[in-house]
file final-v2.cif (mmCIF, C-alpha atoms; chains and numbers go by the auth columns)
data_target
loop_
_atom_site.group_PDB
_atom_site.id
_atom_site.type_symbol
_atom_site.label_atom_id
_atom_site.label_comp_id
_atom_site.label_asym_id
_atom_site.label_seq_id
_atom_site.Cartn_x
_atom_site.Cartn_y
_atom_site.Cartn_z
_atom_site.B_iso_or_equiv
_atom_site.auth_seq_id
_atom_site.auth_asym_id
ATOM 1 C CA MET A 1 34.191 48.348 46.113 0.00 1 A
ATOM 2 C CA LYS A 2 37.677 49.735 45.706 0.00 2 A
ATOM 3 C CA PHE A 3 36.834 51.544 42.438 0.00 3 A
ATOM 4 C CA ASP A 4 33.584 53.052 41.152 0.00 4 A
ATOM 5 C CA ALA A 5 34.648 53.372 37.518 0.00 5 A
ATOM 6 C CA VAL A 6 36.959 51.484 35.184 0.00 6 A
ATOM 7 C CA LEU A 7 38.389 52.930 31.976 0.00 7 A
ATOM 8 C CA LEU A 8 39.597 50.352 29.476 0.00 8 A
ATOM 9 C CA ASP A 9 42.071 50.610 26.648 0.00 9 A
ATOM 10 C CA PHE A 10 40.946 48.727 23.527 0.00 10 A
ATOM 11 C CA ASP A 11 43.740 47.229 21.401 0.00 11 A
ATOM 12 C CA GLY A 12 45.667 44.721 23.486 0.00 12 A
ATOM 13 C CA THR A 13 43.332 45.069 26.466 0.00 13 A
ATOM 14 C CA LEU A 14 39.805 44.288 25.316 0.00 14 A
ATOM 15 C CA ALA A 15 40.588 42.868 21.901 0.00 15 A
ATOM 16 C CA ASP A 16 43.368 41.174 19.982 0.00 16 A
ATOM 17 C CA SER A 17 43.704 43.346 16.897 0.00 17 A
ATOM 18 C CA MET A 18 47.440 43.117 16.269 0.00 18 A
ATOM 19 C CA GLU A 19 47.468 41.255 12.966 0.00 19 A
ATOM 20 C CA SER A 20 44.930 43.495 11.242 0.00 20 A
ATOM 21 C CA ILE A 21 46.677 46.633 12.531 0.00 21 A
ATOM 22 C CA LEU A 22 50.090 45.387 11.372 0.00 22 A
ATOM 23 C CA VAL A 23 48.763 44.866 7.860 0.00 23 A
ATOM 24 C CA CYS A 24 47.670 48.511 7.755 0.00 24 A
ATOM 25 C CA ILE A 25 50.929 49.815 9.239 0.00 25 A
ATOM 26 C CA ARG A 26 52.989 47.851 6.703 0.00 26 A
ATOM 27 C CA HIS A 27 50.858 49.251 3.900 0.00 27 A
ATOM 28 C CA ALA A 28 51.401 52.829 5.119 0.00 28 A
ATOM 29 C CA LEU A 29 55.171 52.512 5.638 0.00 29 A
ATOM 30 C CA ASP A 30 55.645 50.752 2.303 0.00 30 A
ATOM 31 C CA GLY A 31 53.598 53.490 0.666 0.00 31 A
ATOM 32 C CA VAL A 32 56.127 56.175 1.613 0.00 32 A
ATOM 33 C CA GLY A 33 59.249 54.005 1.503 0.00 33 A
ATOM 34 C CA ILE A 34 60.088 53.842 5.213 0.00 34 A
ATOM 35 C CA PRO A 35 62.051 50.677 6.136 0.00 35 A
ATOM 36 C CA TYR A 36 61.062 48.802 9.276 0.00 36 A
ATOM 37 C CA THR A 37 61.603 45.640 11.273 0.00 37 A
ATOM 38 C CA GLU A 38 58.878 43.348 12.594 0.00 38 A
ATOM 39 C CA GLU A 39 59.901 44.297 16.131 0.00 39 A
ATOM 40 C CA GLN A 40 59.345 47.979 15.350 0.00 40 A
ATOM 41 C CA LEU A 41 55.950 47.229 13.827 0.00 41 A
ATOM 42 C CA LYS A 42 54.714 45.383 16.888 0.00 42 A
ATOM 43 C CA LYS A 43 55.721 48.282 19.139 0.00 43 A
ATOM 44 C CA MET A 44 53.502 50.554 17.049 0.00 44 A
ATOM 45 C CA VAL A 45 50.379 48.747 18.227 0.00 45 A
ATOM 46 C CA GLY A 46 49.105 50.832 21.122 0.00 46 A
ATOM 47 C CA PRO A 47 50.560 54.355 20.971 0.00 47 A
ATOM 48 C CA PRO A 48 49.007 57.112 18.839 0.00 48 A
ATOM 49 C CA PHE A 49 50.297 56.843 15.263 0.00 49 A
ATOM 50 C CA ARG A 50 51.970 60.254 15.379 0.00 50 A
ATOM 51 C CA VAL A 51 53.797 59.344 18.586 0.00 51 A
ATOM 52 C CA ALA A 52 54.969 56.033 17.151 0.00 52 A
ATOM 53 C CA MET A 53 56.313 57.648 13.976 0.00 53 A
ATOM 54 C CA ARG A 54 58.259 60.209 15.980 0.00 54 A
ATOM 55 C CA GLU A 55 59.641 57.839 18.632 0.00 55 A
ATOM 56 C CA MET A 56 60.395 54.797 16.490 0.00 56 A
ATOM 57 C CA TYR A 57 61.285 56.210 13.101 0.00 57 A
ATOM 58 C CA GLY A 58 62.288 59.785 13.838 0.00 58 A
ATOM 59 C CA VAL A 59 59.676 61.118 11.394 0.00 59 A
ATOM 60 C CA THR A 60 58.783 64.629 12.483 0.00 60 A
ATOM 61 C CA ASP A 61 57.804 66.162 9.136 0.00 61 A
ATOM 62 C CA GLU A 62 54.116 66.902 9.676 0.00 62 A
ATOM 63 C CA GLU A 63 53.152 66.596 6.019 0.00 63 A
ATOM 64 C CA ARG A 64 54.780 63.183 5.732 0.00 64 A
ATOM 65 C CA VAL A 65 53.155 61.959 8.944 0.00 65 A
ATOM 66 C CA GLU A 66 49.718 63.076 7.782 0.00 66 A
ATOM 67 C CA ARG A 67 50.252 61.250 4.476 0.00 67 A
ATOM 68 C CA LEU A 68 51.124 58.091 6.419 0.00 68 A
ATOM 69 C CA ILE A 69 48.039 58.452 8.580 0.00 69 A
ATOM 70 C CA LYS A 70 45.800 58.893 5.539 0.00 70 A
ATOM 71 C CA ILE A 71 47.178 55.722 3.918 0.00 71 A
ATOM 72 C CA TYR A 72 46.868 53.808 7.181 0.00 72 A
ATOM 73 C CA ARG A 73 43.293 54.890 7.879 0.00 73 A
ATOM 74 C CA THR A 74 42.132 54.229 4.336 0.00 74 A
ATOM 75 C CA GLU A 75 43.423 50.671 4.585 0.00 75 A
ATOM 76 C CA TYR A 76 42.061 50.279 8.123 0.00 76 A
ATOM 77 C CA GLU A 77 38.582 51.407 7.123 0.00 77 A
ATOM 78 C CA HIS A 78 38.449 48.806 4.356 0.00 78 A
ATOM 79 C CA ASP A 79 39.647 45.751 6.251 0.00 79 A
ATOM 80 C CA GLY A 80 41.774 46.589 9.266 0.00 80 A
ATOM 81 C CA TRP A 81 39.215 46.848 12.035 0.00 81 A
ATOM 82 C CA HIS A 82 38.457 43.142 12.390 0.00 82 A
ATOM 83 C CA CYS A 83 39.444 41.733 15.772 0.00 83 A
ATOM 84 C CA GLU A 84 38.384 39.325 18.502 0.00 84 A
ATOM 85 C CA LEU A 85 37.884 39.803 22.216 0.00 85 A
ATOM 86 C CA PHE A 86 40.477 38.210 24.447 0.00 86 A
ATOM 87 C CA ALA A 87 39.220 35.197 26.377 0.00 87 A
ATOM 88 C CA GLY A 88 37.406 36.203 29.549 0.00 88 A
ATOM 89 C CA ILE A 89 36.809 39.842 28.577 0.00 89 A
ATOM 90 C CA GLU A 90 33.048 39.645 28.157 0.00 90 A
ATOM 91 C CA ASP A 91 32.682 37.784 31.452 0.00 91 A
ATOM 92 C CA MET A 92 34.764 40.511 33.106 0.00 92 A
ATOM 93 C CA LEU A 93 32.614 43.299 31.672 0.00 93 A
ATOM 94 C CA SER A 94 29.413 41.509 32.636 0.00 94 A
ATOM 95 C CA ALA A 95 30.593 40.915 36.198 0.00 95 A
ATOM 96 C CA LEU A 96 31.652 44.531 36.697 0.00 96 A
ATOM 97 C CA ARG A 97 28.355 45.833 35.339 0.00 97 A
ATOM 98 C CA ALA A 98 26.423 43.461 37.590 0.00 98 A
ATOM 99 C CA HIS A 99 28.117 45.123 40.574 0.00 99 A
ATOM 100 C CA GLY A 100 27.240 48.620 39.386 0.00 100 A
ATOM 101 C CA VAL A 101 30.742 49.610 38.234 0.00 101 A
ATOM 102 C CA ARG A 102 30.759 52.356 35.624 0.00 102 A
ATOM 103 C CA LEU A 103 32.674 51.301 32.514 0.00 103 A
ATOM 104 C CA ALA A 104 34.150 53.322 29.678 0.00 104 A
ATOM 105 C CA VAL A 105 36.468 52.761 26.732 0.00 105 A
ATOM 106 C CA ALA A 106 39.519 55.053 26.692 0.00 106 A
ATOM 107 C CA THR A 107 41.558 54.346 23.573 0.00 107 A
ATOM 108 C CA SER A 108 43.982 56.179 21.299 0.00 108 A
ATOM 109 C CA LYS A 109 42.169 54.609 18.364 0.00 109 A
ATOM 110 C CA PRO A 110 40.136 57.181 16.391 0.00 110 A
ATOM 111 C CA LEU A 111 36.610 57.389 17.755 0.00 111 A
ATOM 112 C CA LYS A 112 35.067 56.615 14.360 0.00 112 A
ATOM 113 C CA PHE A 113 36.724 53.192 14.229 0.00 113 A
ATOM 114 C CA THR A 114 36.255 52.571 17.939 0.00 114 A
ATOM 115 C CA ASN A 115 32.496 53.013 17.669 0.00 115 A
ATOM 116 C CA GLN A 116 32.411 50.775 14.607 0.00 116 A
ATOM 117 C CA ILE A 117 34.205 47.958 16.432 0.00 117 A
ATOM 118 C CA VAL A 118 32.302 48.349 19.711 0.00 118 A
ATOM 119 C CA ASP A 119 29.024 48.001 17.847 0.00 119 A
ATOM 120 C CA GLY A 120 30.358 45.190 15.645 0.00 120 A
ATOM 121 C CA LEU A 121 31.326 43.175 18.718 0.00 121 A
ATOM 122 C CA ASP A 122 28.025 44.026 20.485 0.00 122 A
ATOM 123 C CA LEU A 123 29.813 45.674 23.409 0.00 123 A
ATOM 124 C CA ARG A 124 27.830 48.917 23.637 0.00 124 A
ATOM 125 C CA LYS A 125 25.552 47.461 26.323 0.00 125 A
ATOM 126 C CA TYR A 126 28.452 47.279 28.786 0.00 126 A
ATOM 127 C CA PHE A 127 29.679 50.866 28.562 0.00 127 A
ATOM 128 C CA ASP A 128 28.519 54.152 30.012 0.00 128 A
ATOM 129 C CA PHE A 129 30.741 55.956 27.516 0.00 129 A
ATOM 130 C CA VAL A 130 33.070 55.179 24.626 0.00 130 A
ATOM 131 C CA GLY A 131 36.009 57.563 24.280 0.00 131 A
ATOM 132 C CA GLY A 132 38.678 57.661 21.608 0.00 132 A
ATOM 133 C CA ALA A 133 41.066 59.962 19.806 0.00 133 A
ATOM 134 C CA GLU A 134 40.058 62.624 17.298 0.00 134 A
ATOM 135 C CA SER A 135 41.222 62.184 13.720 0.00 135 A
ATOM 136 C CA ASP A 136 42.402 65.803 13.516 0.00 136 A
ATOM 137 C CA ASN A 137 44.980 65.396 16.334 0.00 137 A
ATOM 138 C CA SER A 138 42.995 67.622 18.722 0.00 138 A
ATOM 139 C CA ARG A 139 42.673 64.697 21.163 0.00 139 A
ATOM 140 C CA ASP A 140 45.574 62.363 20.498 0.00 140 A
ATOM 141 C CA SER A 141 47.480 61.481 23.688 0.00 141 A
ATOM 142 C CA LYS A 142 46.155 58.909 26.162 0.00 142 A
ATOM 143 C CA ALA A 143 46.011 61.588 28.860 0.00 143 A
ATOM 144 C CA ASP A 144 43.786 63.705 26.594 0.00 144 A
ATOM 145 C CA VAL A 145 41.511 60.724 25.981 0.00 145 A
ATOM 146 C CA ILE A 146 41.270 59.937 29.697 0.00 146 A
ATOM 147 C CA GLU A 147 40.375 63.556 30.475 0.00 147 A
ATOM 148 C CA TYR A 148 37.700 63.419 27.777 0.00 148 A
ATOM 149 C CA VAL A 149 36.213 60.272 29.303 0.00 149 A
ATOM 150 C CA LEU A 150 36.362 61.617 32.859 0.00 150 A
ATOM 151 C CA ALA A 151 34.519 64.760 31.746 0.00 151 A
ATOM 152 C CA ALA A 152 31.810 62.595 30.196 0.00 152 A
ATOM 153 C CA LEU A 153 31.437 60.597 33.431 0.00 153 A
ATOM 154 C CA ALA A 154 31.411 63.669 35.697 0.00 154 A
ATOM 155 C CA PRO A 155 30.850 64.090 38.545 0.00 155 A
ATOM 156 C CA ILE A 156 33.410 61.458 39.470 0.00 156 A
ATOM 157 C CA ASP A 157 36.007 60.929 42.188 0.00 157 A
ATOM 158 C CA ARG A 158 39.342 60.376 40.416 0.00 158 A
ATOM 159 C CA GLY A 159 40.612 58.560 43.479 0.00 159 A
ATOM 160 C CA ARG A 160 38.127 55.793 42.717 0.00 160 A
ATOM 161 C CA VAL A 161 38.837 55.456 38.991 0.00 161 A
ATOM 162 C CA LEU A 162 41.007 52.702 37.509 0.00 162 A
ATOM 163 C CA MET A 163 42.613 52.899 34.058 0.00 163 A
ATOM 164 C CA VAL A 164 43.278 49.426 32.607 0.00 164 A
ATOM 165 C CA GLY A 165 45.699 48.946 29.713 0.00 165 A
ATOM 166 C CA ASP A 166 48.539 46.886 28.312 0.00 166 A
ATOM 167 C CA ARG A 167 51.127 49.508 27.372 0.00 167 A
ATOM 168 C CA LEU A 168 53.185 52.250 28.979 0.00 168 A
ATOM 169 C CA TYR A 169 50.969 54.902 27.379 0.00 169 A
ATOM 170 C CA ASP A 170 48.019 53.735 29.479 0.00 170 A
ATOM 171 C CA ILE A 171 50.074 53.869 32.668 0.00 171 A
ATOM 172 C CA ASP A 172 51.594 57.271 31.870 0.00 172 A
ATOM 173 C CA GLY A 173 48.193 58.667 30.893 0.00 173 A
ATOM 174 C CA ALA A 174 46.689 57.497 34.171 0.00 174 A
ATOM 175 C CA LYS A 175 49.456 59.164 36.168 0.00 175 A
ATOM 176 C CA ARG A 176 49.042 62.459 34.318 0.00 176 A
ATOM 177 C CA THR A 177 45.321 62.516 35.018 0.00 177 A
ATOM 178 C CA GLY A 178 45.432 61.413 38.647 0.00 178 A
ATOM 179 C CA VAL A 179 43.773 58.020 38.365 0.00 179 A
ATOM 180 C CA ALA A 180 45.025 54.572 39.376 0.00 180 A
ATOM 181 C CA SER A 181 46.409 52.208 36.746 0.00 181 A
ATOM 182 C CA ALA A 182 46.365 48.460 36.163 0.00 182 A
ATOM 183 C CA GLY A 183 48.648 46.914 33.548 0.00 183 A
ATOM 184 C CA VAL A 184 47.480 43.691 31.911 0.00 184 A
ATOM 185 C CA LEU A 185 49.818 40.895 30.834 0.00 185 A
ATOM 186 C CA TRP A 186 47.634 39.359 28.116 0.00 186 A
ATOM 187 C CA GLY A 187 48.191 42.289 25.746 0.00 187 A
ATOM 188 C CA TYR A 188 51.119 43.706 23.765 0.00 188 A
ATOM 189 C CA GLY A 189 53.275 45.085 26.572 0.00 189 A
ATOM 190 C CA ASP A 190 55.156 43.107 29.200 0.00 190 A
ATOM 191 C CA ARG A 191 55.744 43.161 32.938 0.00 191 A
ATOM 192 C CA ALA A 192 59.087 44.980 32.641 0.00 192 A
ATOM 193 C CA GLU A 193 57.499 47.843 30.679 0.00 193 A
ATOM 194 C CA LEU A 194 54.551 48.148 33.039 0.00 194 A
ATOM 195 C CA GLU A 195 56.745 48.073 36.131 0.00 195 A
ATOM 196 C CA ALA A 196 59.195 50.590 34.676 0.00 196 A
ATOM 197 C CA HIS A 197 56.363 53.081 34.188 0.00 197 A
ATOM 198 C CA GLY A 198 54.948 52.553 37.644 0.00 198 A
ATOM 199 C CA ALA A 199 51.703 50.661 37.130 0.00 199 A
ATOM 200 C CA ASP A 200 49.822 50.595 40.442 0.00 200 A
ATOM 201 C CA TYR A 201 48.695 47.033 39.755 0.00 201 A
ATOM 202 C CA ILE A 202 49.665 44.318 37.276 0.00 202 A
ATOM 203 C CA VAL A 203 47.185 41.543 36.485 0.00 203 A
ATOM 204 C CA GLU A 204 47.444 38.304 34.555 0.00 204 A
ATOM 205 C CA LYS A 205 43.814 37.492 33.706 0.00 205 A
ATOM 206 C CA PRO A 206 40.631 39.495 33.028 0.00 206 A
ATOM 207 C CA GLU A 207 38.974 38.012 36.124 0.00 207 A
ATOM 208 C CA ASP A 208 41.760 39.583 38.202 0.00 208 A
ATOM 209 C CA ILE A 209 40.354 42.994 37.266 0.00 209 A
ATOM 210 C CA VAL A 210 37.019 42.038 38.806 0.00 210 A
ATOM 211 C CA SER A 211 38.700 41.000 42.063 0.00 211 A
ATOM 212 C CA LEU A 212 40.785 44.163 42.114 0.00 212 A
ATOM 213 C CA VAL A 213 37.866 46.501 41.517 0.00 213 A
ATOM 214 C CA LEU A 214 35.581 44.805 44.027 0.00 214 A
ATOM 215 C CA GLY A 215 38.326 44.674 46.639 0.00 215 A
ATOM 216 C CA ASP A 216 38.223 40.890 47.004 0.00 216 A
#

call {"tool": "encode", "arguments": {"input": "final-v2.cif", "output": "structure tokens"}}
result
Amino acid sequence: MKFDAVLLDFDGTLADSMESILVCIRHALDGVGIPYTEEQLKKMVGPPFRVAMREMYGVTDEERVERLIKIYRTEYEHDGWHCELFAGIEDMLSALRAHGVRLAVATSKPLKFTNQIVDGLDLRKYFDFVGGAESDNSRDSKADVIEYVLAALAPIDRGRVLMVGDRLYDIDGAKRTGVASAGVLWGYGDRAELEAHGADYIVEKPEDIVSLVLGD
């Protein structure tokens, strides 16, 4: 095998959760009177909420950001966490597990919601570890999440770990933590974004991940 462990982003990589997330983002922005475009909203699916507010809306006031996050998470907890796996994802996970590959979730989604969704979709059986962000901002960046997951999987050779995700944050996080990266084209990013940030691999279908990891 080319890789012993695969870390997987969640939104846009394992599951299609865009519509439910957009509903919650709209609710939060409307709640504090921040104008937005649909294009801006879609770009908010993937990065940590605090990062998105700073980069896309220029909101740096910590109190205002925390108010937005509270509104967003309240709405998300009620109805925002519903999503569906992308076609081929469960077959991919099953195939990797059958070959002894260690699997982990590495998402910027708060761990509370991540665990709720993983269990709701009956995915726990595939993963050695499920890692997500902390609600208090103590583990918020993708690099922080990857480090958290790597520590949980230790001992592990970083040279044989692959981070799989659909956005630039996954690729950048992989680079900062010294692991390889694979950008997927079925999610919310695109080839230009993934190439610009130096993804080591770019794949079109979930089964391509299996071939990549096994060295076929």

call {"tool": "residues_near_point", "arguments": {"input": "final-v2.cif", "point": "(42.7, 38.1, 20.5)", "cutoff": "9 Å", "atoms": "only C-alpha atoms", "output": "list in words"}}
result
Gly12, Leu14, Ala15, Asp16, Ser17, Met18, Cys83, Glu84, Leu85, Phe86, Ala87 and Gly187 of chain A

call {"tool": "resolve_selection", "arguments": {"input": "final-v2.cif", "expression": "the PyMOL selection byres ((chain A and resi 110) around 12)", "output": "ChimeraX atom specification"}}
result
/A:10-11,46-49,69,72-73,76-77,81,105-109,111-117,130-142,145

call {"tool": "residues_around", "arguments": {"input": "final-v2.cif", "residues": "segment 55-59 of chain A", "least_positions_apart": "2", "cutoff": "9 Å", "atoms": "all atoms listed in the file", "output": "short mmCIF file (atom, residue, chain, number, x, y, z; two decimals) with C-alpha atoms, in the frame of the given file"}}
result
data_model
loop_
_atom_site.label_atom_id
_atom_site.label_comp_id
_atom_site.auth_asym_id
_atom_site.auth_seq_id
_atom_site.Cartn_x
_atom_site.Cartn_y
_atom_site.Cartn_z
CA ILE A 34 60.09 53.84 5.21
CA PRO A 35 62.05 50.68 6.14
CA TYR A 36 61.06 48.80 9.28
CA GLN A 40 59.34 47.98 15.35
CA LYS A 43 55.72 48.28 19.14
CA MET A 44 53.50 50.55 17.05
CA ARG A 50 51.97 60.25 15.38
CA VAL A 51 53.80 59.34 18.59
CA ALA A 52 54.97 56.03 17.15
CA MET A 53 56.31 57.65 13.98
CA ASP A 61 57.80 66.16 9.14
CA GLU A 62 54.12 66.90 9.68
CA ARG A 64 54.78 63.18 5.73
CA VAL A 65 53.16 61.96 8.94
#

call {"tool": "resolve_selection", "arguments": {"input": "final-v2.cif", "expression": "the PyMOL selection byres ((chain A and resi 101) around 8)", "output": "list in words"}}
result
Phe3, Asp4, Ala5, Val6, Leu96, Arg97, Ala98, His99, Gly100, Arg102 and Leu103 of chain A

call {"tool": "atom_distance", "arguments": {"input": "final-v2.cif", "atom1": "atom CA of Thr177 of chain A", "atom2": "atom CA of Glu147 of chain A"}}
result
6.8 Å

call {"tool": "axis_aligned_box", "arguments": {"input": "final-v2.cif", "around": "segment 35-38 of chain A", "padding_each_side": "5 Å", "output": "JSON"}}
result
{"center_x": 60.5, "center_y": 47.0, "center_z": 9.4, "size_x": 13.2, "size_y": 17.3, "size_z": 16.5}

call {"tool": "closest_residue", "arguments": {"input": "final-v2.cif", "among": "A:Gly33, A:Thr13, A:Gly173, A:Asp119", "to": "Glu204 of chain A", "atoms": "only C-alpha atoms"}}
result
A:Thr13
